[in-house]
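Okay, upload.pdb is below, PDB, C-alpha atoms and all ligand atoms:
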ATOM      1  CA  MET A   1     144.402  20.207 120.481
ATOM      2  CA  SER A   2     145.582  16.956 118.892
ATOM      3  CA  THR A   3     144.752  15.815 115.357
ATOM      4  CA  ASN A   4     141.093  14.990 115.085
ATOM      5  CA  LEU A   5     140.991  11.284 114.295
ATOM      6  CA  LEU A   6     137.249  11.453 113.951
ATOM      7  CA  ILE A   7     137.084  13.145 110.572
ATOM      8  CA  LEU A   8     139.449  10.757 108.879
ATOM      9  CA  GLY A   9     136.696   8.528 107.559
ATOM     10  CA  LYS A  10     137.480   5.315 109.453
ATOM     11  CA  ALA A  11     137.045   4.135 113.027
ATOM     12  CA  PRO A  12     140.202   4.875 115.060
ATOM     13  CA  THR A  13     142.093   1.878 116.424
ATOM     14  CA  LEU A  14     142.624   1.397 120.172
ATOM     15  CA  SER A  15     146.270   2.313 119.781
ATOM     16  CA  GLU A  16     145.392   5.545 117.930
ATOM     17  CA  LEU A  17     142.887   6.395 120.638
ATOM     18  CA  ARG A  18     145.453   5.740 123.354
ATOM     19  CA  ASN A  19     147.884   8.041 121.552
ATOM     20  CA  THR A  20     145.271  10.781 121.681
ATOM     21  CA  LEU A  21     144.793  10.159 125.415
ATOM     22  CA  VAL A  22     148.568  10.476 125.891
ATOM     23  CA  ARG A  23     148.579  13.816 124.021
ATOM     24  CA  LEU A  24     145.664  15.037 126.105
ATOM     25  CA  GLU A  25     147.780  14.437 129.231
ATOM     26  CA  ASP A  26     150.019  17.277 128.034
ATOM     27  CA  THR A  27     147.048  19.545 127.380
ATOM     28  CA  ILE A  28     145.619  18.828 130.820
ATOM     29  CA  ILE A  29     148.890  19.269 132.726
ATOM     30  CA  PHE A  30     149.638  22.595 131.015
ATOM     31  CA  ALA A  31     146.074  23.806 131.593
ATOM     32  CA  LEU A  32     146.393  22.955 135.310
ATOM     33  CA  ILE A  33     149.754  24.764 135.494
ATOM     34  CA  GLU A  34     148.154  27.819 133.880
ATOM     35  CA  ARG A  35     145.299  27.843 136.383
ATOM     36  CA  SER A  36     147.558  27.253 139.373
ATOM     37  CA  GLN A  37     149.408  30.557 138.910
ATOM     38  CA  PHE A  38     146.338  32.339 140.341
ATOM     39  CA  LYS A  39     144.897  32.025 143.813
ATOM     40  CA  HIS A  40     141.795  30.025 144.542
ATOM     41  CA  ASN A  41     139.545  33.073 143.977
ATOM     42  CA  ASN A  42     136.428  31.539 145.431
ATOM     43  CA  ALA A  43     134.334  34.467 144.160
ATOM     44  CA  VAL A  44     134.570  32.902 140.699
ATOM     45  CA  TYR A  45     132.632  29.819 141.846
ATOM     46  CA  LYS A  46     130.196  31.246 144.366
ATOM     47  CA  ALA A  47     126.714  32.028 143.079
ATOM     48  CA  GLY A  48     125.839  35.658 143.779
ATOM     49  CA  ALA A  49     129.425  36.667 144.649
ATOM     50  CA  MET A  50     129.602  38.957 141.633
ATOM     51  CA  GLN A  51     126.967  41.450 140.584
ATOM     52  CA  PHE A  52     125.748  41.090 137.019
ATOM     53  CA  LYS A  53     123.990  44.068 135.435
ATOM     54  CA  ASP A  54     121.421  41.741 133.844
ATOM     55  CA  GLY A  55     120.477  40.264 137.222
ATOM     56  CA  TYR A  56     122.113  36.869 136.625
ATOM     57  CA  SER A  57     122.343  35.107 139.974
ATOM     58  CA  GLY A  58     124.663  32.173 139.252
ATOM     59  CA  SER A  59     128.446  32.047 139.568
ATOM     60  CA  PHE A  60     130.860  33.981 137.383
ATOM     61  CA  LEU A  61     132.239  30.702 136.019
ATOM     62  CA  THR A  62     128.839  29.369 134.937
ATOM     63  CA  TRP A  63     128.006  32.700 133.291
ATOM     64  CA  PHE A  64     131.336  32.769 131.458
ATOM     65  CA  LEU A  65     131.060  29.114 130.430
ATOM     66  CA  LYS A  66     127.632  29.710 128.930
ATOM     67  CA  GLU A  67     128.846  32.718 126.932
ATOM     68  CA  VAL A  68     131.891  30.814 125.620
ATOM     69  CA  GLU A  69     129.824  27.759 124.738
ATOM     70  CA  GLN A  70     127.311  29.884 122.835
ATOM     71  CA  VAL A  71     130.077  31.109 120.527
ATOM     72  CA  HIS A  72     131.620  27.657 120.216
ATOM     73  CA  ALA A  73     128.222  26.113 119.431
ATOM     74  CA  LYS A  74     127.777  28.614 116.589
ATOM     75  CA  VAL A  75     131.020  27.418 115.002
ATOM     76  CA  ARG A  76     129.801  23.791 115.428
ATOM     77  CA  ARG A  77     132.168  22.681 118.199
ATOM     78  CA  TYR A  78     129.506  20.419 119.705
ATOM     79  CA  GLN A  79     128.790  18.685 116.431
ATOM     80  CA  SER A  80     132.111  16.956 116.820
ATOM     81  CA  PRO A  81     131.386  13.605 118.491
ATOM     82  CA  ASP A  82     134.186  14.135 121.048
ATOM     83  CA  GLU A  83     133.029  17.561 122.271
ATOM     84  CA  TYR A  84     130.387  17.941 124.962
ATOM     85  CA  PRO A  85     128.971  21.197 126.318
ATOM     86  CA  PHE A  86     128.591  21.957 130.031
ATOM     87  CA  THR A  87     125.549  24.182 129.453
ATOM     88  CA  SER A  88     122.292  23.659 127.592
ATOM     89  CA  ASN A  89     119.958  25.457 125.166
ATOM     90  CA  LEU A  90     122.866  26.438 122.947
ATOM     91  CA  PRO A  91     122.322  28.132 119.567
ATOM     92  CA  ASP A  92     122.480  26.251 116.265
ATOM     93  CA  PRO A  93     125.689  26.466 114.230
ATOM     94  CA  ILE A  94     125.927  29.282 111.714
ATOM     95  CA  LEU A  95     128.000  27.014 109.473
ATOM     96  CA  PRO A  96     126.818  23.964 107.509
ATOM     97  CA  PRO A  97     127.306  20.653 109.352
ATOM     98  CA  LEU A  98     130.565  18.740 108.970
ATOM     99  CA  ASP A  99     130.332  15.190 107.756
ATOM    100  CA  TYR A 100     131.634  13.046 110.605
ATOM    101  CA  PRO A 101     131.637   9.358 109.742
ATOM    102  CA  PRO A 102     129.432   7.625 112.308
ATOM    103  CA  VAL A 103     131.680   5.707 114.733
ATOM    104  CA  LEU A 104     129.618   5.734 117.919
ATOM    105  CA  VAL A 105     126.250   4.185 118.675
ATOM    106  CA  ASP A 106     125.240   6.478 121.523
ATOM    107  CA  PRO A 107     121.460   6.418 121.893
ATOM    108  CA  GLU A 108     121.582   8.022 125.349
ATOM    109  CA  HIS A 109     123.929  10.870 124.326
ATOM    110  CA  ILE A 110     125.881  10.291 127.509
ATOM    111  CA  ASN A 111     127.258  13.522 128.946
ATOM    112  CA  ILE A 112     128.774  13.508 132.449
ATOM    113  CA  ASN A 113     129.962  17.114 132.427
ATOM    114  CA  ASP A 114     127.941  17.992 135.555
ATOM    115  CA  GLU A 115     130.000  15.456 137.474
ATOM    116  CA  ILE A 116     133.259  16.715 135.904
ATOM    117  CA  PHE A 117     132.355  20.317 136.776
ATOM    118  CA  ASP A 118     131.637  19.358 140.367
ATOM    119  CA  VAL A 119     134.948  17.495 140.827
ATOM    120  CA  TYR A 120     136.877  20.288 139.127
ATOM    121  CA  VAL A 121     135.432  23.143 141.166
ATOM    122  CA  ASN A 122     135.290  21.402 144.541
ATOM    123  CA  THR A 123     138.425  19.243 144.434
ATOM    124  CA  VAL A 124     140.804  20.162 141.621
ATOM    125  CA  VAL A 125     140.820  23.956 141.944
ATOM    126  CA  PRO A 126     141.312  24.022 145.740
ATOM    127  CA  GLY A 127     144.058  21.384 145.291
ATOM    128  CA  ILE A 128     146.144  23.151 142.659
ATOM    129  CA  THR A 129     145.797  26.753 143.828
ATOM    130  CA  ALA A 130     146.978  28.727 146.836
ATOM    131  CA  VAL A 131     144.320  29.831 149.307
ATOM    132  CA  GLY A 132     143.225  33.439 148.870
ATOM    133  CA  ASP A 133     141.925  36.027 146.457
ATOM    134  CA  ASP A 134     144.136  37.915 144.001
ATOM    135  CA  LYS A 135     141.203  39.419 142.045
ATOM    136  CA  ASN A 136     142.283  37.708 138.801
ATOM    137  CA  TYR A 137     138.754  36.459 138.233
ATOM    138  CA  GLY A 138     138.655  36.689 134.436
ATOM    139  CA  SER A 139     142.064  35.046 134.046
ATOM    140  CA  SER A 140     141.181  32.284 136.510
ATOM    141  CA  ALA A 141     137.848  31.542 134.836
ATOM    142  CA  THR A 142     139.454  31.536 131.376
ATOM    143  CA  ARG A 143     141.934  28.899 132.570
ATOM    144  CA  ASP A 144     139.129  26.997 134.324
ATOM    145  CA  ILE A 145     137.248  26.723 131.052
ATOM    146  CA  GLU A 146     140.347  25.394 129.305
ATOM    147  CA  CYS A 147     140.837  22.792 132.045
ATOM    148  CA  LEU A 148     137.172  21.781 131.972
ATOM    149  CA  GLN A 149     137.096  21.406 128.189
ATOM    150  CA  ALA A 150     140.266  19.305 128.133
ATOM    151  CA  LEU A 151     139.055  17.076 130.983
ATOM    152  CA  SER A 152     135.649  16.643 129.376
ATOM    153  CA  ARG A 153     137.143  15.718 126.009
ATOM    154  CA  ARG A 154     139.503  13.216 127.643
ATOM    155  CA  ILE A 155     136.843  11.581 129.741
ATOM    156  CA  HIS A 156     134.229  11.357 126.975
ATOM    157  CA  TYR A 157     136.862   9.801 124.725
ATOM    158  CA  GLY A 158     135.957   6.742 126.738
ATOM    159  CA  LYS A 159     133.082   6.227 124.301
ATOM    160  CA  PHE A 160     135.486   5.716 121.391
ATOM    161  CA  VAL A 161     137.717   3.495 123.482
ATOM    162  CA  ALA A 162     134.692   1.415 124.487
ATOM    163  CA  GLU A 163     133.494   1.148 120.897
ATOM    164  CA  SER A 164     136.885  -0.094 119.731
ATOM    165  CA  LYS A 165     136.960  -2.692 122.512
ATOM    166  CA  PHE A 166     133.415  -3.760 121.628
ATOM    167  CA  GLN A 167     134.465  -4.218 117.978
ATOM    168  CA  ASP A 168     137.559  -6.239 118.862
ATOM    169  CA  PRO A 169     136.792  -9.800 117.639
ATOM    170  CA  SER A 170     138.755 -11.365 120.515
ATOM    171  CA  THR A 171     136.394  -9.946 123.175
ATOM    172  CA  HIS A 172     133.263  -9.087 121.177
ATOM    173  CA  GLU A 173     131.174 -12.055 122.310
ATOM    174  CA  GLU A 174     132.012 -11.423 125.946
ATOM    175  CA  TYR A 175     131.003  -7.772 125.681
ATOM    176  CA  VAL A 176     127.710  -8.735 124.007
ATOM    177  CA  LYS A 177     126.953 -11.226 126.803
ATOM    178  CA  HIS A 178     127.589  -8.715 129.625
ATOM    179  CA  ILE A 179     125.690  -5.964 127.801
ATOM    180  CA  LYS A 180     122.659  -8.222 127.315
ATOM    181  CA  GLU A 181     122.791  -9.156 131.000
ATOM    182  CA  LYS A 182     123.278  -5.453 131.917
ATOM    183  CA  ASN A 183     126.208  -6.599 134.048
ATOM    184  CA  ARG A 184     128.000  -3.389 134.951
ATOM    185  CA  ASP A 185     130.665  -5.073 137.123
ATOM    186  CA  LYS A 186     131.657  -7.591 134.474
ATOM    187  CA  LEU A 187     131.881  -4.847 131.852
ATOM    188  CA  MET A 188     134.087  -2.817 134.165
ATOM    189  CA  GLU A 189     136.304  -5.832 134.750
ATOM    190  CA  LEU A 190     136.567  -6.624 131.045
ATOM    191  CA  LEU A 191     137.445  -3.098 129.916
ATOM    192  CA  THR A 192     139.980  -2.490 132.696
ATOM    193  CA  ASN A 193     143.632  -2.795 131.748
ATOM    194  CA  GLU A 194     145.653  -2.346 134.927
ATOM    195  CA  LYS A 195     148.990  -2.317 133.146
ATOM    196  CA  VAL A 196     147.928   0.586 130.918
ATOM    197  CA  GLU A 197     146.689   2.505 133.970
ATOM    198  CA  GLU A 198     149.921   1.865 135.869
ATOM    199  CA  GLN A 199     152.070   3.046 132.945
ATOM    200  CA  LEU A 200     149.890   6.089 132.502
ATOM    201  CA  LEU A 201     150.300   7.152 136.146
ATOM    202  CA  LYS A 202     154.077   6.690 135.980
ATOM    203  CA  ARG A 203     154.314   8.690 132.752
ATOM    204  CA  LEU A 204     152.075  11.393 134.162
ATOM    205  CA  LYS A 205     154.262  11.895 137.203
ATOM    206  CA  VAL A 206     157.362  12.297 135.031
ATOM    207  CA  LYS A 207     155.527  14.729 132.742
ATOM    208  CA  ALA A 208     154.170  16.791 135.639
ATOM    209  CA  LEU A 209     157.656  16.880 137.184
ATOM    210  CA  ILE A 210     159.216  18.078 133.941
ATOM    211  CA  TYR A 211     156.506  20.477 132.762
ATOM    212  CA  GLY A 212     156.170  21.948 136.245
ATOM    213  CA  GLN A 213     159.797  22.990 136.504
ATOM    214  CA  ASP A 214     160.952  26.516 136.875
ATOM    215  CA  LEU A 215     163.493  26.497 134.060
ATOM    216  CA  SER A 216     165.357  29.517 135.357
ATOM    217  CA  SER A 217     166.923  27.179 137.948
ATOM    218  CA  ALA A 218     167.416  24.437 135.358
ATOM    219  CA  ILE A 219     169.950  26.456 133.386
ATOM    220  CA  ASP A 220     171.977  27.144 136.500
ATOM    221  CA  ASN A 221     174.363  24.164 136.730
ATOM    222  CA  SER A 222     175.075  24.859 140.362
ATOM    223  CA  THR A 223     171.458  24.125 141.305
ATOM    224  CA  PRO A 224     171.294  20.719 142.977
ATOM    225  CA  ASN A 225     169.025  18.283 141.143
ATOM    226  CA  ALA A 226     168.648  20.528 138.123
ATOM    227  CA  PRO A 227     168.031  18.593 134.895
ATOM    228  CA  GLY A 228     171.349  17.782 133.373
ATOM    229  CA  ASN A 229     173.093  17.659 136.728
ATOM    230  CA  SER A 230     174.917  14.342 136.683
ATOM    231  CA  SER A 231     174.318  13.752 140.412
ATOM    232  CA  CYS A 232     170.607  13.263 139.740
ATOM    233  CA  THR A 233     169.670   9.627 139.286
ATOM    234  CA  SER A 234     165.899   9.740 138.884
ATOM    235  CA  VAL A 235     164.346   8.597 135.611
ATOM    236  CA  CYS A 236     163.499  12.103 134.427
ATOM    237  CA  ASN A 237     166.696  13.640 135.751
ATOM    238  CA  ILE A 238     164.755  15.685 138.286
ATOM    239  CA  CYS A 239     164.707  15.134 141.985
ATOM    240  CA  ASP A 240     161.588  13.392 143.248
ATOM    241  CA  ASP A 241     162.360  13.947 146.920
ATOM    242  CA  PRO A 242     159.257  15.371 148.664
ATOM    243  CA  ASP A 243     161.511  17.563 150.827
ATOM    244  CA  SER A 244     163.492  18.909 147.898
ATOM    245  CA  PRO A 245     163.438  22.701 147.461
ATOM    246  CA  ASP A 246     162.817  22.010 143.754
ATOM    247  CA  ARG A 247     159.497  20.497 144.629
ATOM    248  CA  ALA A 248     158.377  23.621 146.436
ATOM    249  CA  LYS A 249     159.276  25.584 143.318
ATOM    250  CA  SER A 250     157.316  23.309 140.970
ATOM    251  CA  ARG A 251     154.513  25.142 139.176
ATOM    252  CA  VAL A 252     152.104  22.315 139.919
ATOM    253  CA  ASP A 253     152.097  19.611 142.590
ATOM    254  CA  TYR A 254     152.893  16.478 140.573
ATOM    255  CA  ASP A 255     151.408  14.139 143.157
ATOM    256  CA  LEU A 256     148.153  16.051 142.876
ATOM    257  CA  VAL A 257     148.142  15.629 139.107
ATOM    258  CA  VAL A 258     148.668  11.891 139.575
ATOM    259  CA  SER A 259     145.889  11.639 142.152
ATOM    260  CA  LEU A 260     143.559  13.658 139.916
ATOM    261  CA  TYR A 261     144.017  11.018 137.226
ATOM    262  CA  ARG A 262     143.967   8.045 139.592
ATOM    263  CA  ASP A 263     140.913   9.146 141.575
ATOM    264  CA  TYR A 264     138.852  10.977 138.950
ATOM    265  CA  VAL A 265     140.010  11.047 135.323
ATOM    266  CA  ILE A 266     140.488   7.296 134.870
ATOM    267  CA  PRO A 267     137.428   6.268 136.959
ATOM    268  CA  LEU A 268     135.205   8.780 135.113
ATOM    269  CA  THR A 269     136.519   7.590 131.732
ATOM    270  CA  LYS A 270     135.671   4.052 132.780
ATOM    271  CA  GLU A 271     132.242   5.189 133.922
ATOM    272  CA  VAL A 272     131.654   6.660 130.446
ATOM    273  CA  GLU A 273     132.896   3.415 128.875
ATOM    274  CA  VAL A 274     130.507   1.287 130.951
ATOM    275  CA  GLU A 275     127.518   3.616 130.366
ATOM    276  CA  TYR A 276     128.225   3.637 126.651
ATOM    277  CA  LEU A 277     128.479  -0.154 126.491
ATOM    278  CA  LEU A 278     125.323  -0.684 128.539
ATOM    279  CA  HIS A 279     123.364   1.150 125.808
ATOM    280  CA  ARG A 280     125.393  -0.102 122.864
ATOM    281  CA  LEU A 281     122.763  -2.628 121.785
ATOM    282  CA  ASP A 282     119.638  -0.583 122.615
TER
HETATM  283  O1  LIG B   1     143.316   2.481 127.370
HETATM  284  C1  LIG B   1     142.295   1.894 127.697
HETATM  285  O2  LIG B   1     142.103   0.680 127.459
HETATM  286  C2  LIG B   1     141.219   2.604 128.372
HETATM  287  O3  LIG B   1     140.150   2.074 128.532
HETATM  288  C3  LIG B   1     141.471   3.961 128.935
HETATM  289  C4  LIG B   1     141.864   3.877 130.416
HETATM  290  C5  LIG B   1     142.159   5.336 130.857
HETATM  291  O4  LIG B   1     141.254   6.018 131.338
HETATM  292  O5  LIG B   1     143.292   5.781 130.640
HETATM  293  C6  LIG B   1     140.702   3.358 131.176
HETATM  294  C7  LIG B   1     140.628   2.038 131.490
HETATM  295  C8  LIG B   1     141.740   1.097 131.338
HETATM  296  O6  LIG B   1     141.901   0.344 132.493
HETATM  297  C9  LIG B   1     142.978   1.745 130.936
HETATM  298  C10 LIG B   1     143.051   3.055 130.596
END

Could you write out this structure as structure tokens?
Ligand SMILES: O=C(O)C(=O)C[C@]1(C(=O)O)C=C[C@@H](O)C=C1
Amino acid sequence: MSTNLLILGKAPTLSELRNTLVRLEDTIIFALIERSQFKHNNAVYKAGAMQFKDGYSGSFLTWFLKEVEQVHAKVRRYQSPDEYPFTSNLPDPILPPLDYPPVLVDPEHININDEIFDVYVNTVVPGITAVGDDKNYGSSATRDIECLQALSRRIHYGKFVAESKFQDPSTHEEYVKHIKEKNRDKLMELLTNEKVEEQLLKRLKVKALIYGQDLSSAIDNSTPNAPGNSSCTSVCNICDDPDSPDRAKSRVDYDLVVSLYRDYVIPLTKEVEVEYLLHRLD
């Protein structure tokens, strides 16, 4: 987990927030790599597939998530303004509250974890894992929870990003106008920075290529396209050829990581930003 900017006593700047988003890319890629070592294991996600002694009829993942969140709630995880639970009716913390300086104005307490859970279980997991069942249910669900928490934190960070954009004197009046008119499209247009998105997707591909490598081949100089091999000309020194044998050996499909961000992580972050802004003046 990266340094928590939110207990430092001042509102983080947009560039500090973007640095946190960049660090979270690493957390998310490694979490996906960890999950992808196990098969799909559909029994983890299917309600009723596993028999609970207490008669619980949901899925193993939802049961596990609830148990984990109960413990985390007790040590005040969800009092941090960048942490959002997936389950409800959680216990109160057993520790005194921490004093977070108020940065957000979030009257609706926006939480889109249901949507994140749905995308993760139905799209991400089948995409990053091999078909089949290897019975590693506990290990798979543990990794799932790590992925879900990292994705949720990243996406809900959109609130802080939106707040910093709202406070920026160069665009403040425009934001106020669109918020007052409840103009969702104009807000989306104003907060979108295509260049930042483009750079992010490029960086992500390089990271996923590098982090996904099997390093046992990288230290063998005779391996074509191994990092350090002078014949490789790509930016990260790793072959990006879809037919390369290195690609088949990658621990995670880098194009899938890029499409996860392009199709879900960035759009959901922007959805959080717009929702937050729409209620900013309530
Ligand atoms: O960095 C920003 O300005 C953001 O709002 C974050 C983010 C993202 O999700 O990475 C979302 C919207 C922008 O178009 C660019 C990037």

Open item on the list: Evaluated on this file, the PyMOL selection byres (((not hetatm)) within 10 of (chain B and resi 1)) picks out some residues - which ones are they, written as JSON, numbers by chain?
Closed with: {"A": [14, 15, 17, 18, 19, 21, 22, 25, 154, 155, 156, 157, 158, 159, 160, 161, 162, 164, 165, 188, 189, 190, 191, 192, 193, 194, 195, 196, 197, 198, 199, 200, 201, 261, 262, 264, 265, 266, 267, 268, 269, 270, 271, 272, 273, 274]}

Inset, instruction - Please provide the set of residues having any atom within 9 Å of range 46-50 of chain A, restricted to all atoms listed in the file, with same-chain residues fewer than 3 positions apart removed, written as JSON, numbers by chain. - result: {"A": [42, 43, 56, 57, 58, 59, 60, 61, 62]}

Writing out the chosen residues with C-alpha atoms as a PDB file, in the frame of the given file:
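Result file follows (selection29.pdb):
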ATOM      1  CA  ASN A  42     136.428  31.539 145.431  1.00  0.00           C
ATOM      2  CA  ALA A  43     134.334  34.467 144.160  1.00  0.00           C
ATOM      3  CA  TYR A  56     122.113  36.869 136.625  1.00  0.00           C
ATOM      4  CA  SER A  57     122.343  35.107 139.974  1.00  0.00           C
ATOM      5  CA  GLY A  58     124.663  32.173 139.252  1.00  0.00           C
ATOM      6  CA  SER A  59     128.446  32.047 139.568  1.00  0.00           C
ATOM      7  CA  PHE A  60     130.860  33.981 137.383  1.00  0.00           C
ATOM      8  CA  LEU A  61     132.239  30.702 136.019  1.00  0.00           C
ATOM      9  CA  THR A  62     128.839  29.369 134.937  1.00  0.00           C
TER      10      THR A  62
END

>> Residue by residue, what does the PyMOL selection byres (((chain A and resi 124) around 12) and not hetatm) grab here? Present the result as an NGL selection string.
In response: :A and (28 or 31-33 or 35-36 or 40 or 116-123 or 125-130 or 144 or 147-148 or 151 or 252-253 or 256-261 or 263-265)

Quiz item: Could you spell out the hits of the PyMOL selection byres (((chain A and resi 186) around 12) and not hetatm) on the shown file, as a PyMOL selection string?
Solution: chain A and resi 174-185+187-192+274+277-278

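Among the candidate residues A:Asn111, A:Ser139, A:Gln37, A:Gln51, the one lying nearest to Tyr276 in chain A is A:Asn111, with distances computed using only C-alpha atoms.
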
What's the 9 Å shell around Tyr84 in chain A, counting only C-alpha atoms, without same-chain residues fewer than 4 positions away, as an NGL selection string?
:A and (77-80 or 111-113 or 149 or 152-153 or 156)

Taken to one decimal, the CA of Asp168 in chain A-CA of His109 in chain A distance is 22.5 Å

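Reported to one decimal place, the separation of CA of Asp82 in chain A from CA of Leu104 in chain A is 10.1 Å.
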
Expressed in Å, the length from CA of Ala73 in chain A to CA of Leu98 in chain A is 13.0 Å

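Proximity of A:Ser88, A:Lys53, A:Thr13, A:Pro96 to Glu69 in chain A, computed with only C-alpha atoms, is greatest for A:Ser88.
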
Calculate, to one decimal in Å, the centre and edge lengths of the box along x, y and z of the file that holds all listed atoms of range 46-63 of chain A with 3 Å of margin on each side, and present them as JSON.
{"center_x": 126.4, "center_y": 36.7, "center_z": 139.0, "size_x": 17.8, "size_y": 20.7, "size_z": 17.4}
